[in-house]
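Everything on this sheet refers to the single structure shown next.
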Amino acid sequence: MHEKLLAAAVLPMPSRVLGLDLMPYSLGCELQLFREDNAFITLDRSDFDALPVQKQIYALIRAVNICAKRQPRWFWLWSKRNVPKKEADLVVCIAEFRNYLADGRLQFHADLPKTEDDTVRYLGEPELLRLYRFILAHVPAAEYAIWGATAWDFPYSIAKMLSQGHAESHGNLVIYNIQQKTHDDYHQQCENGRAAWHLAGDDDAKRSLALVQHPIIRELAGLEAEVSDFEKRMNTGTDADEKEASWPA
């Protein structure tokens, strides 16, 4: 899980939206989008989709130009050629930019640090400033110079994951790991199995299907005897049917 996240961050997927090639999503991109109060950053998806079409187009144009590797030389000509004229085309372009944002903002799933009384301690410093300071303090200049002239050009996702790893090594953060995921996946399987068994009620066909789809039902506390009796009854019924069918007339 972590390896996939890191690969996606270190090797950003090439993105092209509205005819412009986009740079790896950086701290500077995030900062500028916040400065302009861009709807892609400040609104959730449902609120964005509720905006008038013209406001959606404006947010898309500004966001793409902020994140583009190079600005279009003739803005009016680029706009005429690339800005969507149909709603279906606009939906596709918005989805492409959302995918770019999602890839560029990947980070580890982690829990916030806690105080001595086991309550969450919320960080007061703005995240962007904290990430910028972290890059300056912990990443060699030659390393972040690969991405651009300043630390603001450093990819947001890599900066986030590096800072999370650093925080965890100092006991200030707990990154969700494979052991926790395995535990949570098992717990979810148990919940799904229990729900499927109760939903089946007294319907033998549905119960049999639930056992096929959720074998873990046989291991669930409180259901062992009930499931065992059901399977014995079903097996006994099957044996009796087979004997009756094979008995000479």
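Identifiers in the structure tokens: chain A, B, ... in order shown; residue index from 1 per chain; ligand index from 1 in order shown.
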
Can you pull out the residues contacting A:Ala39? Cut-off 12 Å, using only C-alpha atoms, and skip same-chain residues under 3 positions away; I want them as a PyMOL selection string. chain A and resi 33-36+42-52+55-63+94+98

Include N, CA and C atoms and write out the residues we just selected as a compact mmCIF listing (two decimals), in the first residue's frame.
```txt
# COMPACT_ATOMS: atom_id res chain seq x y z
N LEU A 33 -3.53 28.43 -5.55
CA LEU A 33 -4.96 28.11 -5.64
C LEU A 33 -5.70 28.60 -4.40
N PHE A 34 -5.07 28.49 -3.23
CA PHE A 34 -5.68 29.01 -2.01
C PHE A 34 -5.73 30.53 -2.03
N ARG A 35 -4.67 31.17 -2.51
CA ARG A 35 -4.65 32.63 -2.58
C ARG A 35 -5.79 33.16 -3.42
N GLU A 36 -6.10 32.45 -4.49
CA GLU A 36 -7.17 32.90 -5.39
C GLU A 36 -8.53 32.38 -4.97
N THR A 42 -11.42 25.13 -2.41
CA THR A 42 -12.22 25.63 -1.29
C THR A 42 -13.60 24.99 -1.18
N LEU A 43 -14.06 24.32 -2.23
CA LEU A 43 -15.39 23.70 -2.21
C LEU A 43 -15.28 22.19 -2.35
N ASP A 44 -16.20 21.47 -1.72
CA ASP A 44 -16.23 20.03 -1.96
C ASP A 44 -16.91 19.78 -3.31
N ARG A 45 -16.92 18.53 -3.72
CA ARG A 45 -17.37 18.21 -5.07
C ARG A 45 -18.83 18.61 -5.31
N SER A 46 -19.70 18.32 -4.37
CA SER A 46 -21.12 18.62 -4.56
C SER A 46 -21.36 20.12 -4.68
N ASP A 47 -20.66 20.91 -3.85
CA ASP A 47 -20.82 22.37 -3.92
C ASP A 47 -20.25 22.92 -5.23
N PHE A 48 -19.14 22.36 -5.67
CA PHE A 48 -18.56 22.78 -6.94
C PHE A 48 -19.53 22.50 -8.09
N ASP A 49 -20.10 21.29 -8.10
CA ASP A 49 -21.02 20.91 -9.17
C ASP A 49 -22.28 21.76 -9.17
N ALA A 50 -22.60 22.37 -8.02
CA ALA A 50 -23.79 23.22 -7.93
C ALA A 50 -23.54 24.64 -8.45
N LEU A 51 -22.28 24.97 -8.70
CA LEU A 51 -21.96 26.31 -9.20
C LEU A 51 -22.51 26.51 -10.61
N PRO A 52 -22.81 27.74 -11.00
CA PRO A 52 -23.18 28.01 -12.39
C PRO A 52 -22.04 27.58 -13.32
N LYS A 55 -18.99 29.87 -13.68
CA LYS A 55 -18.05 29.89 -12.55
C LYS A 55 -17.19 28.63 -12.55
N GLN A 56 -17.75 27.51 -12.96
CA GLN A 56 -16.96 26.29 -13.08
C GLN A 56 -15.88 26.46 -14.15
N ILE A 57 -16.25 27.04 -15.27
CA ILE A 57 -15.28 27.27 -16.35
C ILE A 57 -14.17 28.20 -15.89
N TYR A 58 -14.55 29.27 -15.18
CA TYR A 58 -13.53 30.22 -14.71
C TYR A 58 -12.57 29.55 -13.74
N ALA A 59 -13.11 28.76 -12.80
CA ALA A 59 -12.26 28.05 -11.83
C ALA A 59 -11.31 27.09 -12.55
N LEU A 60 -11.82 26.41 -13.57
CA LEU A 60 -10.99 25.46 -14.33
C LEU A 60 -9.89 26.19 -15.09
N ILE A 61 -10.23 27.28 -15.76
CA ILE A 61 -9.23 28.04 -16.53
C ILE A 61 -8.11 28.54 -15.62
N ARG A 62 -8.49 29.14 -14.49
CA ARG A 62 -7.48 29.68 -13.57
C ARG A 62 -6.63 28.56 -12.97
N ALA A 63 -7.26 27.46 -12.57
CA ALA A 63 -6.52 26.36 -11.96
C ALA A 63 -5.53 25.75 -12.93
N ILE A 94 -13.14 18.82 -16.22
CA ILE A 94 -13.16 18.96 -14.76
C ILE A 94 -12.70 17.66 -14.11
N ARG A 98 -9.52 17.09 -11.62
CA ARG A 98 -9.71 16.48 -10.31
C ARG A 98 -8.78 15.28 -10.13
```

Within 8 Å of stretch 17-25 of chain A, counting only C-alpha atoms, which residues show up once you throw out same-chain ones fewer than 5 positions away? Write them as a list of chain:residue names, please.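 Contacts, with the query itself left out: A:Pro12, A:Glu30, A:Val64, A:Cys67, A:Ala68, A:Lys69, A:Arg70, A:Pro72, A:Asn82, A:Val83, A:Cys93, A:Glu96, A:Phe97, A:Tyr100, A:Leu101, A:Gly104, A:Arg105, A:Pro155, A:Tyr156, A:Ser157.
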
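Taking the backbone of this structure through DSSP, the residues of stretch 50-219 of chain A that come out as strand (DSSP E) are Ala110, Asp111, Val174 and Ile175 of chain A.
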
Save the residues we just selected, C-alpha atoms, as a tab-separated table (two decimals), in the first residue's frame?
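Written out: selection.tsv:
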```
chain	number	residue	atom	x	y	z
A	110	ALA	CA	-2.25	8.76	9.59
A	111	ASP	CA	-3.63	9.68	13.00
A	174	VAL	CA	1.04	7.33	13.68
A	175	ILE	CA	0.99	6.23	10.05
```

Would you pick out the contacts of A:Leu223 at 12 Å or less, using only C-alpha atoms, so that residues sharing its chain but fewer than 5 positions from it are not included, and give the list as a PDB file with N, CA and C atoms, in the first residue's frame?
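And here is the file that came out, selection31.pdb:
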```pdb
ATOM      1  N   CYS A 190     -15.895  -9.516   8.948  1.00  0.00           N
ATOM      2  CA  CYS A 190     -16.776 -10.044   9.991  1.00  0.00           C
ATOM      3  C   CYS A 190     -18.112  -9.298  10.005  1.00  0.00           C
ATOM      4  N   GLY A 193     -20.150 -10.291   6.964  1.00  0.00           N
ATOM      5  CA  GLY A 193     -20.689 -11.644   7.108  1.00  0.00           C
ATOM      6  C   GLY A 193     -21.857 -11.696   8.069  1.00  0.00           C
ATOM      7  N   ARG A 194     -21.712 -11.024   9.214  1.00  0.00           N
ATOM      8  CA  ARG A 194     -22.796 -11.018  10.201  1.00  0.00           C
ATOM      9  C   ARG A 194     -24.055 -10.361   9.622  1.00  0.00           C
ATOM     10  N   ALA A 195     -23.853  -9.249   8.890  1.00  0.00           N
ATOM     11  CA  ALA A 195     -24.996  -8.550   8.294  1.00  0.00           C
ATOM     12  C   ALA A 195     -25.685  -9.431   7.247  1.00  0.00           C
ATOM     13  N   TRP A 197     -25.762 -12.719   7.119  1.00  0.00           N
ATOM     14  CA  TRP A 197     -26.460 -13.835   7.775  1.00  0.00           C
ATOM     15  C   TRP A 197     -27.782 -13.371   8.379  1.00  0.00           C
ATOM     16  N   HIS A 198     -27.777 -12.248   9.051  1.00  0.00           N
ATOM     17  CA  HIS A 198     -29.013 -11.742   9.656  1.00  0.00           C
ATOM     18  C   HIS A 198     -30.014 -11.314   8.580  1.00  0.00           C
ATOM     19  N   LEU A 211     -23.324 -18.018   3.138  1.00  0.00           N
ATOM     20  CA  LEU A 211     -22.155 -18.808   3.537  1.00  0.00           C
ATOM     21  C   LEU A 211     -21.151 -18.951   2.404  1.00  0.00           C
ATOM     22  N   ILE A 216     -16.502 -16.554   6.320  1.00  0.00           N
ATOM     23  CA  ILE A 216     -16.087 -16.157   7.668  1.00  0.00           C
ATOM     24  C   ILE A 216     -17.242 -16.238   8.665  1.00  0.00           C
ATOM     25  N   ILE A 217     -18.481 -16.358   8.182  1.00  0.00           N
ATOM     26  CA  ILE A 217     -19.655 -16.463   9.058  1.00  0.00           C
ATOM     27  C   ILE A 217     -19.488 -17.635  10.029  1.00  0.00           C
ATOM     28  N   ARG A 218     -18.845 -18.715   9.559  1.00  0.00           N
ATOM     29  CA  ARG A 218     -18.678 -19.907  10.391  1.00  0.00           C
ATOM     30  C   ARG A 218     -17.808 -19.635  11.617  1.00  0.00           C
ATOM     31  N   SER A 228     -23.698 -24.204  12.412  1.00  0.00           N
ATOM     32  CA  SER A 228     -23.419 -25.642  12.379  1.00  0.00           C
ATOM     33  C   SER A 228     -24.710 -26.452  12.253  1.00  0.00           C
ATOM     34  N   ASP A 229     -25.732 -26.096  13.023  1.00  0.00           N
ATOM     35  CA  ASP A 229     -27.020 -26.804  12.951  1.00  0.00           C
ATOM     36  C   ASP A 229     -27.641 -26.642  11.565  1.00  0.00           C
ATOM     37  N   PHE A 230     -27.535 -25.445  11.005  1.00  0.00           N
ATOM     38  CA  PHE A 230     -28.097 -25.199   9.674  1.00  0.00           C
ATOM     39  C   PHE A 230     -27.413 -26.076   8.637  1.00  0.00           C
TER      40      PHE A 230
END
```

What is the distance, in Å and to one decimal place, between atom CA of A:Arg133 and atom CA of A:Ile158? 14.0 Å

Between A:Asp153, A:Glu127, A:Glu143, A:Asp103, which is the closest to A:Gly28 once you count only C-alpha atoms? A:Asp153

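With atom CA of A:Asp89 on one side and atom CA of A:Phe75 on the other, the separation reads 19.7 Å.
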
From atom CA of A:Leu162 to atom CA of A:Asn65 the spacing works out at 27.5 Å

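Using only C-alpha atoms, the smallest distance between any of A:Val53, A:Ser26, A:His166, A:Asp203 and A:Val91 comes from A:Val53.
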
As a compact mmCIF listing (two decimals) with N, CA and C atoms, in the first residue's frame, list the residues of stretch 64-154 of chain A assigned to alpha helix (DSSP H) by DSSP on the backbone atoms of this structure.
```txt
# COMPACT_ATOMS: atom_id res chain seq x y z
N VAL A 64 -5.96 25.54 -14.17
CA VAL A 64 -5.08 24.95 -15.18
C VAL A 64 -3.92 25.88 -15.50
N ASN A 65 -4.17 27.17 -15.59
CA ASN A 65 -3.09 28.13 -15.88
C ASN A 65 -2.10 28.23 -14.73
N ILE A 66 -2.57 28.11 -13.49
CA ILE A 66 -1.68 28.14 -12.34
C ILE A 66 -0.74 26.93 -12.34
N CYS A 67 -1.27 25.78 -12.71
CA CYS A 67 -0.51 24.53 -12.64
C CYS A 67 0.19 24.16 -13.93
N PHE A 75 -3.38 34.13 -24.98
CA PHE A 75 -4.43 33.61 -24.12
C PHE A 75 -5.77 33.53 -24.85
N TRP A 76 -6.11 34.54 -25.60
CA TRP A 76 -7.40 34.56 -26.28
C TRP A 76 -7.51 33.43 -27.29
N LEU A 77 -6.39 33.14 -28.00
CA LEU A 77 -6.40 32.07 -28.99
C LEU A 77 -6.49 30.70 -28.31
N TRP A 78 -5.70 30.55 -27.22
CA TRP A 78 -5.76 29.29 -26.47
C TRP A 78 -7.16 29.08 -25.91
N SER A 79 -7.77 30.13 -25.36
CA SER A 79 -9.10 30.04 -24.79
C SER A 79 -10.13 29.64 -25.84
N LYS A 80 -10.01 30.25 -27.01
CA LYS A 80 -10.96 29.97 -28.08
C LYS A 80 -10.88 28.51 -28.53
N ARG A 81 -9.66 27.98 -28.55
CA ARG A 81 -9.46 26.62 -29.04
C ARG A 81 -9.75 25.54 -28.00
N ASN A 82 -9.50 25.83 -26.72
CA ASN A 82 -9.49 24.76 -25.72
C ASN A 82 -10.59 24.81 -24.66
N GLU A 87 -21.38 21.15 -22.42
CA GLU A 87 -21.36 20.71 -21.02
C GLU A 87 -20.67 19.37 -20.86
N ALA A 88 -20.87 18.46 -21.82
CA ALA A 88 -20.25 17.13 -21.74
C ALA A 88 -18.73 17.25 -21.77
N ASP A 89 -18.21 18.16 -22.60
CA ASP A 89 -16.77 18.36 -22.67
C ASP A 89 -16.24 18.98 -21.38
N LEU A 90 -17.01 19.89 -20.80
CA LEU A 90 -16.61 20.53 -19.55
C LEU A 90 -16.51 19.49 -18.43
N VAL A 91 -17.47 18.58 -18.38
CA VAL A 91 -17.46 17.54 -17.35
C VAL A 91 -16.19 16.70 -17.44
N VAL A 92 -15.78 16.37 -18.66
CA VAL A 92 -14.57 15.57 -18.86
C VAL A 92 -13.34 16.34 -18.39
N CYS A 93 -13.24 17.63 -18.75
CA CYS A 93 -12.08 18.44 -18.37
C CYS A 93 -12.00 18.62 -16.85
N ILE A 94 -13.14 18.82 -16.22
CA ILE A 94 -13.16 18.96 -14.76
C ILE A 94 -12.70 17.66 -14.11
N ALA A 95 -13.16 16.53 -14.64
CA ALA A 95 -12.75 15.22 -14.10
C ALA A 95 -11.25 15.02 -14.27
N GLU A 96 -10.70 15.44 -15.39
CA GLU A 96 -9.26 15.31 -15.62
C GLU A 96 -8.46 16.13 -14.62
N PHE A 97 -8.93 17.36 -14.34
CA PHE A 97 -8.20 18.18 -13.38
C PHE A 97 -8.36 17.63 -11.96
N ARG A 98 -9.52 17.09 -11.62
CA ARG A 98 -9.71 16.48 -10.31
C ARG A 98 -8.78 15.28 -10.13
N ASN A 99 -8.60 14.49 -11.19
CA ASN A 99 -7.68 13.36 -11.12
C ASN A 99 -6.25 13.85 -10.89
N TYR A 100 -5.90 14.94 -11.56
CA TYR A 100 -4.56 15.54 -11.37
C TYR A 100 -4.37 15.99 -9.93
N LEU A 101 -5.38 16.63 -9.36
CA LEU A 101 -5.32 17.06 -7.96
C LEU A 101 -5.20 15.86 -7.01
N ALA A 102 -5.99 14.83 -7.26
CA ALA A 102 -5.97 13.65 -6.39
C ALA A 102 -4.61 12.98 -6.41
N ASP A 103 -4.01 12.85 -7.59
CA ASP A 103 -2.68 12.25 -7.69
C ASP A 103 -1.64 13.13 -7.00
N GLY A 104 -1.78 14.44 -7.15
CA GLY A 104 -0.79 15.36 -6.60
C GLY A 104 -0.89 15.58 -5.11
N GLU A 127 -0.58 24.12 7.24
CA GLU A 127 0.16 22.98 6.70
C GLU A 127 1.17 23.40 5.63
N LEU A 128 0.78 24.29 4.73
CA LEU A 128 1.68 24.69 3.65
C LEU A 128 2.97 25.30 4.18
N LEU A 129 2.82 26.16 5.20
CA LEU A 129 4.01 26.77 5.78
C LEU A 129 4.88 25.71 6.46
N ARG A 130 4.23 24.77 7.14
CA ARG A 130 4.97 23.71 7.82
C ARG A 130 5.72 22.84 6.81
N LEU A 131 5.08 22.50 5.68
CA LEU A 131 5.74 21.70 4.65
C LEU A 131 6.89 22.47 3.99
N TYR A 132 6.69 23.76 3.76
CA TYR A 132 7.74 24.58 3.16
C TYR A 132 8.96 24.61 4.07
N ARG A 133 8.75 24.85 5.36
CA ARG A 133 9.86 24.88 6.30
C ARG A 133 10.54 23.51 6.40
N PHE A 134 9.74 22.45 6.32
CA PHE A 134 10.30 21.11 6.40
C PHE A 134 11.24 20.85 5.22
N ILE A 135 10.82 21.23 4.02
CA ILE A 135 11.66 21.02 2.84
C ILE A 135 12.97 21.79 2.97
N LEU A 136 12.89 23.04 3.40
CA LEU A 136 14.09 23.85 3.56
C LEU A 136 15.04 23.25 4.60
N ALA A 137 14.49 22.68 5.67
CA ALA A 137 15.30 22.20 6.77
C ALA A 137 15.83 20.78 6.55
N HIS A 138 15.09 19.94 5.82
CA HIS A 138 15.45 18.52 5.77
C HIS A 138 15.75 17.97 4.38
N ALA A 141 19.27 21.20 -0.92
CA ALA A 141 18.90 22.12 -1.99
C ALA A 141 19.03 21.46 -3.36
N ALA A 142 20.07 20.64 -3.51
CA ALA A 142 20.26 19.97 -4.80
C ALA A 142 19.12 19.02 -5.12
N GLU A 143 18.47 18.50 -4.07
CA GLU A 143 17.35 17.59 -4.26
C GLU A 143 16.09 18.32 -4.71
N TYR A 144 15.75 19.42 -4.01
CA TYR A 144 14.52 20.10 -4.44
C TYR A 144 14.74 20.96 -5.67
```
